[in-house]
>>> print(open('query.txt').read())   # compact mmCIF, C-alpha atoms
# COMPACT_ATOMS: atom_id res chain seq x y z
CA MET A 1 -182.21 -97.90 128.90
CA ARG A 2 -180.25 -94.68 129.18
CA ARG A 3 -181.58 -94.11 132.71
CA ALA A 4 -180.54 -97.64 133.72
CA ALA A 5 -177.04 -97.03 132.40
CA LEU A 6 -176.86 -93.74 134.30
CA ASP A 7 -178.02 -95.51 137.47
CA ILE A 8 -175.26 -98.11 137.09
CA VAL A 9 -172.62 -95.42 136.56
CA GLY A 10 -173.97 -93.50 139.57
CA THR A 11 -173.79 -96.61 141.77
CA MET A 12 -170.23 -97.29 140.63
CA CYS A 13 -169.18 -93.71 141.40
CA GLU A 14 -170.77 -93.95 144.84
CA GLU A 15 -168.93 -97.23 145.54
CA ALA A 16 -165.65 -95.68 144.39
CA ARG A 17 -166.27 -92.72 146.71
CA LYS A 18 -167.00 -95.09 149.60
CA ARG A 19 -163.80 -97.06 148.87
CA GLU A 20 -161.81 -93.86 148.80
CA GLY A 21 -163.34 -92.84 152.13
CA VAL A 22 -162.47 -96.18 153.68
CA ALA A 23 -158.90 -95.94 152.38
CA ARG A 24 -158.55 -92.41 153.79
CA ARG A 25 -159.85 -93.51 157.19
CA LEU A 26 -157.51 -96.50 157.09
CA ALA A 27 -154.58 -94.26 156.20
CA LEU A 28 -155.44 -91.87 159.03
CA ALA A 29 -155.73 -94.78 161.45
CA ILE A 30 -152.29 -96.05 160.42
CA VAL A 31 -150.71 -92.62 160.89
CA LEU A 32 -152.33 -92.20 164.31
CA ALA A 33 -151.45 -95.73 165.44
CA VAL A 34 -147.81 -95.39 164.46
CA ALA A 35 -147.60 -91.87 165.86
CA SER A 36 -149.02 -93.04 169.21
CA GLY A 37 -146.51 -95.89 169.22
CA ILE A 38 -143.67 -93.46 168.67
CA ALA A 39 -144.49 -91.68 171.90
CA ARG A 40 -143.60 -94.84 173.83
CA VAL A 41 -140.49 -95.78 171.86
CA THR A 42 -137.10 -94.66 173.03
CA PRO A 43 -134.98 -93.22 170.24
CA ALA A 44 -132.47 -95.41 168.45
CA TYR A 45 -133.24 -98.29 170.77
CA ALA A 46 -131.62 -100.76 168.35
CA HIS A 47 -128.24 -99.18 168.81
CA MET A 48 -127.92 -98.64 172.52
CA GLY A 49 -126.76 -102.08 173.58
CA THR A 50 -123.21 -103.20 174.16
CA GLY A 51 -121.85 -106.48 175.39
CA LEU A 52 -124.38 -108.50 173.40
CA PRO A 53 -124.54 -112.23 173.99
CA GLY A 54 -123.90 -112.78 170.27
CA GLY A 55 -124.88 -115.49 167.84
CA PHE A 56 -127.30 -115.76 164.96
CA GLU A 57 -130.41 -115.31 167.07
CA SER A 58 -129.10 -112.18 168.72
CA GLY A 59 -128.02 -110.70 165.38
CA PHE A 60 -131.33 -111.57 163.75
CA LYS A 61 -133.38 -110.05 166.56
CA HIS A 62 -131.30 -106.89 166.71
CA PRO A 63 -132.88 -104.98 163.79
CA PHE A 64 -136.33 -105.82 165.15
CA SER A 65 -135.50 -104.60 168.64
CA GLY A 66 -135.56 -100.92 167.76
CA PHE A 67 -138.02 -99.01 165.62
CA ASP A 68 -135.38 -96.75 164.08
CA HIS A 69 -133.57 -99.53 162.24
CA LEU A 70 -136.77 -101.38 161.43
CA LEU A 71 -138.52 -98.33 159.97
CA ALA A 72 -135.51 -97.39 157.84
CA MET A 73 -135.20 -100.92 156.42
CA VAL A 74 -138.88 -101.22 155.60
CA SER A 75 -138.87 -97.74 154.05
CA VAL A 76 -136.02 -98.70 151.73
CA GLY A 77 -138.15 -101.54 150.38
CA MET A 78 -141.24 -99.34 150.10
CA TRP A 79 -139.32 -96.63 148.28
CA GLY A 80 -137.85 -99.25 145.96
CA ALA A 81 -141.40 -100.33 145.15
CA PHE A 82 -142.21 -96.74 144.11
CA LEU A 83 -139.05 -96.43 142.05
CA GLY A 84 -139.58 -99.74 140.23
CA ARG A 85 -136.95 -101.78 138.44
CA PRO A 86 -133.98 -101.86 138.63
CA LEU A 87 -133.94 -99.98 141.96
CA LEU A 88 -136.56 -102.29 143.41
CA TYR A 89 -133.83 -104.92 143.54
CA ALA A 90 -130.77 -102.69 143.60
CA LEU A 91 -131.60 -100.95 146.87
CA PRO A 92 -131.89 -104.18 148.93
CA VAL A 93 -128.48 -105.15 147.52
CA ILE A 94 -126.81 -101.81 148.13
CA PHE A 95 -128.07 -101.37 151.69
CA PRO A 96 -126.66 -104.58 153.26
CA CYS A 97 -123.38 -104.20 151.33
CA MET A 98 -122.86 -100.62 152.45
CA MET A 99 -124.03 -101.55 155.93
CA VAL A 100 -121.14 -104.00 156.08
CA ALA A 101 -118.78 -101.21 155.00
CA GLY A 102 -120.22 -99.10 157.81
CA ALA A 103 -119.83 -101.99 160.27
CA ILE A 104 -116.14 -102.26 159.37
CA LEU A 105 -115.72 -98.52 159.95
CA GLY A 106 -117.50 -98.96 163.27
CA MET A 107 -115.23 -101.80 164.34
CA LEU A 108 -112.20 -99.73 163.42
CA LEU A 109 -113.76 -96.83 165.35
CA VAL A 110 -113.20 -94.49 162.43
CA PRO A 111 -114.54 -91.04 163.45
CA MET A 112 -117.97 -90.32 161.98
CA PRO A 113 -120.63 -87.65 162.41
CA PRO A 114 -122.98 -88.51 165.31
CA VAL A 115 -124.40 -91.91 164.39
CA GLU A 116 -127.73 -91.52 166.21
CA LEU A 117 -128.28 -88.27 164.35
CA GLY A 118 -127.53 -89.96 161.02
CA ILE A 119 -129.93 -92.80 161.82
CA ALA A 120 -132.68 -90.38 162.83
CA VAL A 121 -132.17 -88.40 159.60
CA SER A 122 -132.28 -91.64 157.60
CA VAL A 123 -135.69 -92.54 159.04
CA LEU A 124 -136.97 -89.02 158.36
CA VAL A 125 -135.64 -88.77 154.79
CA LEU A 126 -136.65 -92.27 153.74
CA GLY A 127 -140.12 -91.71 155.21
CA LEU A 128 -140.43 -88.48 153.24
CA CYS A 129 -139.23 -90.19 150.06
CA VAL A 130 -142.03 -92.76 150.44
CA SER A 131 -144.59 -90.21 151.57
CA PHE A 132 -144.02 -87.95 148.55
CA ALA A 133 -143.31 -90.92 146.25
CA ILE A 134 -140.16 -89.13 145.13
CA GLN A 135 -138.95 -90.43 141.79
CA ALA A 136 -135.27 -89.82 142.34
CA PRO A 137 -132.74 -90.66 139.61
CA ALA A 138 -131.10 -94.04 140.09
CA TRP A 139 -127.72 -92.61 141.13
CA ALA A 140 -129.32 -90.29 143.69
CA ALA A 141 -131.46 -93.06 145.23
CA CYS A 142 -128.42 -95.32 145.44
CA ALA A 143 -126.31 -92.55 147.00
CA ILE A 144 -128.98 -91.71 149.60
CA VAL A 145 -129.52 -95.33 150.61
CA ALA A 146 -125.78 -96.10 150.64
CA THR A 147 -125.02 -93.11 152.87
CA PHE A 148 -127.70 -94.03 155.40
CA ALA A 149 -126.65 -97.69 155.32
CA ILE A 150 -123.18 -96.67 156.48
CA PHE A 151 -124.68 -95.06 159.61
CA HIS A 152 -126.78 -98.11 160.42
CA GLY A 153 -123.82 -100.42 159.78
CA TYR A 154 -121.53 -98.25 161.91
CA ALA A 155 -123.90 -98.64 164.86
CA HIS A 156 -123.93 -102.42 164.39
CA GLY A 157 -120.18 -102.56 163.92
CA MET A 158 -119.49 -100.82 167.21
CA GLU A 159 -121.45 -103.58 168.96
CA LEU A 160 -120.27 -106.53 166.87
CA PRO A 161 -116.81 -107.20 168.36
CA SER A 162 -118.27 -107.73 171.82
CA ALA A 163 -120.63 -110.40 170.55
CA ALA A 164 -119.63 -113.95 171.45
CA ASP A 165 -120.16 -115.32 167.93
CA PRO A 166 -119.55 -112.49 165.47
CA ILE A 167 -120.08 -114.65 162.37
CA GLY A 168 -123.48 -115.85 163.51
CA TYR A 169 -124.32 -112.32 164.60
CA SER A 170 -123.34 -110.90 161.18
CA VAL A 171 -125.36 -113.50 159.32
CA GLY A 172 -128.34 -112.75 161.55
CA PHE A 173 -128.33 -109.01 161.14
CA VAL A 174 -127.67 -109.03 157.39
CA LEU A 175 -130.44 -111.57 156.86
CA ALA A 176 -132.90 -109.69 159.07
CA THR A 177 -132.08 -106.45 157.28
CA GLY A 178 -132.70 -108.07 153.91
CA LEU A 179 -135.97 -109.56 155.10
CA LEU A 180 -137.13 -106.17 156.31
CA HIS A 181 -136.45 -104.79 152.83
CA VAL A 182 -138.52 -107.61 151.39
CA CYS A 183 -141.34 -106.71 153.84
CA GLY A 184 -141.13 -103.13 152.58
CA ILE A 185 -141.34 -104.31 148.97
CA GLY A 186 -144.34 -106.45 149.99
CA ILE A 187 -146.07 -103.38 151.44
CA GLY A 188 -145.14 -101.51 148.26
CA LEU A 189 -147.11 -104.06 146.24
CA LEU A 190 -150.20 -102.34 147.65
CA ASN A 191 -149.48 -99.63 145.08
CA ALA A 192 -151.01 -101.85 142.41
CA ARG A 193 -154.36 -101.94 144.27
CA PRO A 194 -157.03 -99.26 144.19
CA ASN A 195 -156.14 -96.57 146.75
CA GLY A 196 -153.14 -98.65 147.75
CA ILE A 197 -150.80 -95.77 147.00
CA LEU A 198 -152.65 -93.68 149.55
CA VAL A 199 -152.03 -96.32 152.23
CA THR A 200 -148.35 -96.70 151.28
CA ARG A 201 -147.77 -92.95 151.24
CA SER A 202 -149.53 -92.62 154.58
CA LEU A 203 -147.20 -95.25 156.02
CA GLY A 204 -144.32 -93.19 154.62
CA ALA A 205 -145.71 -90.13 156.38
CA ALA A 206 -145.92 -92.07 159.64
CA VAL A 207 -142.29 -93.17 159.24
CA ALA A 208 -141.26 -89.58 158.54
CA LEU A 209 -143.09 -88.52 161.71
CA ALA A 210 -141.18 -91.13 163.66
CA GLY A 211 -137.94 -89.94 162.07
CA GLY A 212 -138.81 -86.38 163.05
CA SER A 213 -139.31 -87.40 166.66
CA TYR A 214 -136.01 -89.33 166.70
CA LEU A 215 -134.24 -86.31 165.25
CA TRP A 216 -135.86 -84.07 167.83
CA LEU A 217 -134.62 -86.30 170.64
CA ALA A 218 -131.19 -86.87 169.06
CA LEU A 219 -130.68 -83.12 168.87
CA GLY A 220 -131.71 -82.89 172.51
CA LEU A 221 -134.38 -80.31 171.79
CA MET B 1 -115.37 -119.51 169.16
CA ARG B 2 -115.90 -119.33 165.41
CA ASP B 3 -118.85 -121.25 164.12
CA ALA B 4 -117.29 -123.58 161.54
CA ALA B 5 -120.57 -125.26 160.62
CA LEU B 6 -122.23 -121.92 159.83
CA THR B 7 -119.28 -120.74 157.74
CA ALA B 8 -119.27 -123.99 155.78
CA ALA B 9 -123.06 -123.82 155.38
CA LEU B 10 -122.75 -120.34 153.86
CA LEU B 11 -120.24 -121.67 151.34
CA CYS B 12 -122.55 -124.59 150.54
CA THR B 13 -125.41 -122.11 150.00
CA ALA B 14 -123.28 -120.04 147.62
CA LEU B 15 -122.40 -123.18 145.68
CA GLY B 16 -126.08 -124.17 145.58
CA LEU B 17 -126.96 -120.82 144.02
CA ASP B 18 -124.24 -121.40 141.41
CA LEU B 19 -125.38 -124.90 140.56
CA ALA B 20 -128.93 -123.62 140.06
CA SER B 21 -127.75 -122.18 136.75
CA ALA B 22 -125.80 -125.24 135.61
CA GLU B 23 -126.95 -128.09 133.37
CA ARG B 24 -128.56 -131.05 135.12
CA LYS B 25 -125.70 -133.50 134.46
CA VAL B 26 -123.17 -130.91 135.66
CA VAL B 27 -125.21 -130.38 138.82
CA LEU B 28 -125.14 -134.09 139.62
CA LEU B 29 -121.43 -134.35 138.90
CA GLY B 30 -120.78 -131.14 140.83
CA VAL B 31 -122.64 -132.40 143.90
CA PHE B 32 -120.67 -135.66 143.71
CA VAL B 33 -117.35 -133.78 143.50
CA PHE B 34 -118.41 -131.40 146.25
CA VAL B 35 -119.50 -134.08 148.74
CA GLY B 36 -116.45 -136.23 147.98
CA SER B 37 -113.94 -133.43 148.41
CA ALA B 38 -115.71 -132.10 151.52
CA CYS B 39 -115.60 -135.51 153.22
CA ALA B 40 -111.94 -136.00 152.24
CA ALA B 41 -110.94 -132.56 153.53
CA ALA B 42 -112.96 -132.97 156.72
CA LEU B 43 -111.14 -136.20 157.52
CA ALA B 44 -107.73 -134.72 156.74
CA PRO B 45 -105.56 -133.59 159.66
CA VAL B 46 -105.67 -129.78 159.45
CA PRO B 47 -103.34 -128.09 161.98
CA ALA B 48 -105.10 -125.67 164.32
CA ALA B 49 -102.44 -123.08 163.48
CA TRP B 50 -103.91 -122.84 159.98
CA SER B 51 -107.25 -121.74 161.39
CA ASP B 52 -107.10 -118.11 160.24
CA GLY B 53 -105.92 -119.07 156.75
CA VAL B 54 -108.56 -121.76 156.33
CA PHE B 55 -111.37 -119.47 157.45
CA LEU B 56 -110.09 -116.74 155.13
CA GLY B 57 -110.03 -119.20 152.24
CA CYS B 58 -113.59 -120.16 153.05
CA TRP B 59 -114.74 -116.52 153.10
CA MET B 60 -112.97 -115.81 149.81
CA SER B 61 -114.59 -118.88 148.27
CA ILE B 62 -118.00 -117.61 149.35
CA VAL B 63 -117.28 -114.28 147.65
CA ALA B 64 -116.09 -116.00 144.47
CA SER B 65 -119.02 -118.43 144.34
CA ALA B 66 -121.60 -115.73 145.05
CA ALA B 67 -120.03 -113.41 142.49
CA ILE B 68 -120.51 -116.05 139.79
CA VAL B 69 -124.29 -115.87 140.42
CA HIS B 70 -124.11 -112.33 139.04
CA ARG B 71 -122.16 -113.53 135.97
CA ARG B 72 -124.17 -116.45 134.76
CA ARG B 73 -122.32 -116.54 131.41
CA ALA B 74 -119.10 -117.24 133.25
CA LEU B 75 -120.55 -120.45 134.65
CA LYS B 76 -119.20 -122.93 132.09
CA ASN B 77 -119.27 -126.63 132.94
CA GLY B 78 -115.62 -126.64 133.95
CA VAL B 79 -116.09 -123.57 136.14
CA ALA B 80 -119.07 -125.19 137.91
CA LEU B 81 -117.02 -128.29 138.68
CA ALA B 82 -114.05 -126.22 139.82
CA LEU B 83 -116.32 -124.25 142.15
CA SER B 84 -117.74 -127.51 143.51
CA LEU B 85 -114.26 -128.84 144.21
CA ASN B 86 -113.19 -125.55 145.77
CA ALA B 87 -116.30 -125.37 147.98
CA GLY B 88 -115.83 -128.97 149.07
CA VAL B 89 -112.20 -128.50 150.01
CA TRP B 90 -112.70 -125.30 152.00
CA SER B 91 -115.89 -126.34 153.75
CA GLY B 92 -114.30 -129.68 154.66
CA ALA B 93 -111.16 -127.96 155.92
CA VAL B 94 -113.17 -125.60 158.09
CA ILE B 95 -115.12 -128.52 159.54
CA ALA B 96 -111.85 -130.36 160.20
CA LEU B 97 -110.96 -127.51 162.58
CA SER B 98 -114.23 -127.80 164.48
CA PRO B 99 -114.59 -129.99 167.58
CA SER B 100 -116.79 -132.51 165.76
CA ARG B 101 -116.55 -133.64 162.16
CA MET B 102 -120.24 -134.47 162.32
CA ASN B 103 -120.77 -130.73 161.80
CA LEU B 104 -120.33 -131.52 158.12
CA LEU B 105 -123.80 -133.05 158.21
CA GLU B 106 -125.18 -129.70 159.32
CA ALA B 107 -123.41 -127.75 156.59
CA LEU B 108 -123.71 -129.90 153.46
CA PRO B 109 -127.53 -129.88 153.20
CA ALA B 110 -127.35 -126.13 152.58
CA ALA B 111 -126.20 -126.96 149.03
CA LEU B 112 -129.64 -128.44 148.41
CA CYS B 113 -130.84 -124.87 147.95
CA ALA B 114 -129.77 -125.48 144.33
CA TRP B 115 -133.14 -127.09 143.62
CA PRO B 116 -135.46 -124.32 144.84
CA ALA B 117 -133.02 -121.80 143.36
CA ALA B 118 -133.27 -123.51 139.97
CA TRP B 119 -137.05 -123.32 140.23
CA VAL B 120 -136.86 -119.60 141.06
CA ARG B 121 -134.62 -119.11 138.01
CA ARG B 122 -137.04 -120.99 135.77
CA GLN B 123 -139.79 -118.63 136.95
CA GLY B 124 -137.74 -115.78 135.50
CA GLN B 125 -136.88 -114.40 138.96
CA ALA B 126 -133.11 -114.84 138.76
CA ILE B 127 -132.76 -111.42 140.35
CA VAL B 128 -133.85 -112.95 143.67
CA LEU B 129 -130.80 -115.22 143.54
CA LYS B 130 -128.59 -112.23 142.78
CA VAL B 131 -129.95 -110.39 145.82
CA LEU B 132 -129.26 -113.44 148.02
CA ALA B 133 -125.77 -113.77 146.53
CA SER B 134 -125.09 -110.12 147.36
CA TRP B 135 -126.07 -110.71 150.97
CA LEU B 136 -123.70 -113.68 151.09
CA ILE B 137 -120.89 -111.50 149.73
CA ALA B 138 -121.64 -108.86 152.38
CA ILE B 139 -121.51 -111.46 155.17
CA ALA B 140 -118.31 -113.01 153.81
CA VAL B 141 -116.55 -109.66 153.55
CA LEU B 142 -117.53 -108.87 157.13
CA GLY B 143 -116.46 -112.30 158.36
CA ALA B 144 -113.09 -112.05 156.59
CA THR B 145 -112.50 -108.53 157.88
CA LEU B 146 -113.14 -109.56 161.48
CA GLN B 147 -109.94 -111.60 161.44
CA PHE B 148 -107.78 -108.60 160.66
CA LEU B 149 -109.24 -106.02 162.99
CA PRO B 150 -107.15 -104.67 165.84
CA VAL B 151 -110.19 -104.77 168.14
CA THR B 152 -111.10 -107.82 170.22
CA PRO B 153 -113.22 -110.06 168.05
CA GLY B 154 -115.94 -111.95 169.85
CA TYR B 155 -114.36 -115.35 169.29
CA LEU B 156 -111.26 -114.43 171.27
CA PRO B 157 -111.28 -113.99 175.03
CA ASP B 158 -111.33 -110.34 176.01
CA HIS B 159 -110.65 -108.63 179.33
CA VAL B 160 -113.98 -109.84 180.71
CA ASP B 161 -113.21 -113.55 180.13
>>> encode(input="query.txt", output="structure tokens")
Amino acid sequence: MRRAALDIVGTMCEEARKREGVARRLALAIVLAVASGIARVTPAYAHMGTGLPGGFESGFKHPFSGFDHLLAMVSVGMWGAFLGRPLLYALPVIFPCMMVAGAILGMLLVPMPPVELGIAVSVLVLGLCVSFAIQAPAWAACAIVATFAIFHGYAHGMELPSAADPIGYSVGFVLATGLLHVCGIGIGLLNARPNGILVTRSLGAAVALAGGSYLWLALGL
Amino acid sequence: MRDAALTAALLCTALGLDLASAERKVVLLGVFVFVGSACAAALAPVPAAWSDGVFLGCWMSIVASAAIVHRRRALKNGVALALSLNAGVWSGAVIALSPSRMNLLEALPAALCAWPAAWVRRQGQAIVLKVLASWLIAIAVLGATLQFLPVTPGYLPDHVD
């Protein structure tokens, strides 16, 4: 009887070890896949265009057209998932609102530190926050996200006035940004699964790697 | 060219999120008031010179309606009906400035989001509505600001046109 029980426990431990191994391999694969993708991505591609055709479709596609913006948005959602309530919901509210503030600054051409540098740093820092599952106090998390949102919004704002339909464009890019946060939160739900945290943190590490490469290129090193 | 239908649809969406928290009889009455006032305003002769003011009023109404989603206690029956009337007037006025009044048919259905929003609220996920309302506020603030910027907004001809 005792031997049978020990056998069952042994089998369960072995299965757990196998699962952990699979999760580690999966995490490594994700990091490598994203890292190899980075090599082919131009830095800050989402913010290089001017003279956009405008409209909802153009605005909606814009955040998806460059990895820098996309990775930052998804990371905000993933970090929110680590931080839990109320930041899980507060961060996706703060980011679009502060992004609009940044867009207004961009349209007014208010002088700012180099925007591409700020965006690269945002990808790096947010990736690190997810990777290390940093449990920042609410005010600090809000301040970090708000600051980075201003940089992303500034980049959008500089392009917005040349769009043919600025209202449609604004609706598109705010909606797409929000949806990317929701995607990040969705990925963050993996945390509730066995070894899910490992996958999420690995994704964070991959994002941080991407951020590092953007920063490297932005600094012209 | 400013998209009047989209602006009106955003206001209708904000109203829909508001009505999701109201009592059933108030929702029905609110929708009636909203549709009636929107049709009346859309048929009214709105001078083209009022364009900036009308659009600004519409943006401000979106902000006010979306802000109420965050303050559910403030949504008394009278407030819900006042918001319905306000949304109807401004969305109708914006449509009256557009080339075709049929654009109203594109905008008004957005208020139907009240039903799924009410379901979301019943599931205890009211925070989702608050997040959506915040996005609407962000868009409205940006849309309103565009009118006052010294740069060339996209809806005006610039040096290229």
>>> closest_residue(input="query.txt", among="A:Gly168, A:Gly118, A:Pro137, A:Pro63", to="chain B", atoms="all atoms listed in the file")
A:Gly168
>>> atom_distance(input="query.txt", atom1="CA of Cys58 (chain B)", atom2="CA of Arg101 (chain B)")
16.5 Å
>>> closest_residue(input="query.txt", among="B:Ser134, B:Thr145, B:Ser91, B:Ser100", to="Cys39 (chain B)", atoms="only C-alpha atoms")
B:Ser91
>>> interface_residues(input="query.txt", of="chain A", to="chain B", cutoff="12 Å", atoms="all atoms listed in the file", output="count of residues only")
58
>>> closest_residue(input="query.txt", among="A:Ala155, A:Val123, A:Cys142, A:Ala133", to="Ser213 (chain A)", atoms="only C-alpha atoms")
A:Val123
>>> atom_distance(input="query.txt", atom1="CA of Trp50 (chain B)", atom2="CA of Phe32 (chain B)")
26.6 Å
>>> residues_around(input="query.txt", residues="Pro116 (chain B)", least_positions_apart="4", cutoff="10 Å", atoms="all atoms listed in the file", output="list of chain:residue names")
B:Gly16, B:Leu17, B:Ala20, B:Leu112, B:Val120, B:Arg121, B:Arg122
>>> closest_residue(input="query.txt", among="A:Ala192, A:Val145, A:Ile197, A:Ala208", to="Val76 (chain A)", atoms="only C-alpha atoms")
A:Val145
>>> residues_around(input="query.txt", residues="Glu106 (chain B)", least_positions_apart="5", cutoff="9 Å", atoms="all atoms listed in the file", output="NGL selection string")
:B and (5-6 or 8-9)
>>> closest_residue(input="query.txt", among="A:Gly127, A:Gly77, A:Gly220, A:Pro111", to="Val207 (chain A)", atoms="all atoms listed in the file")
A:Gly127
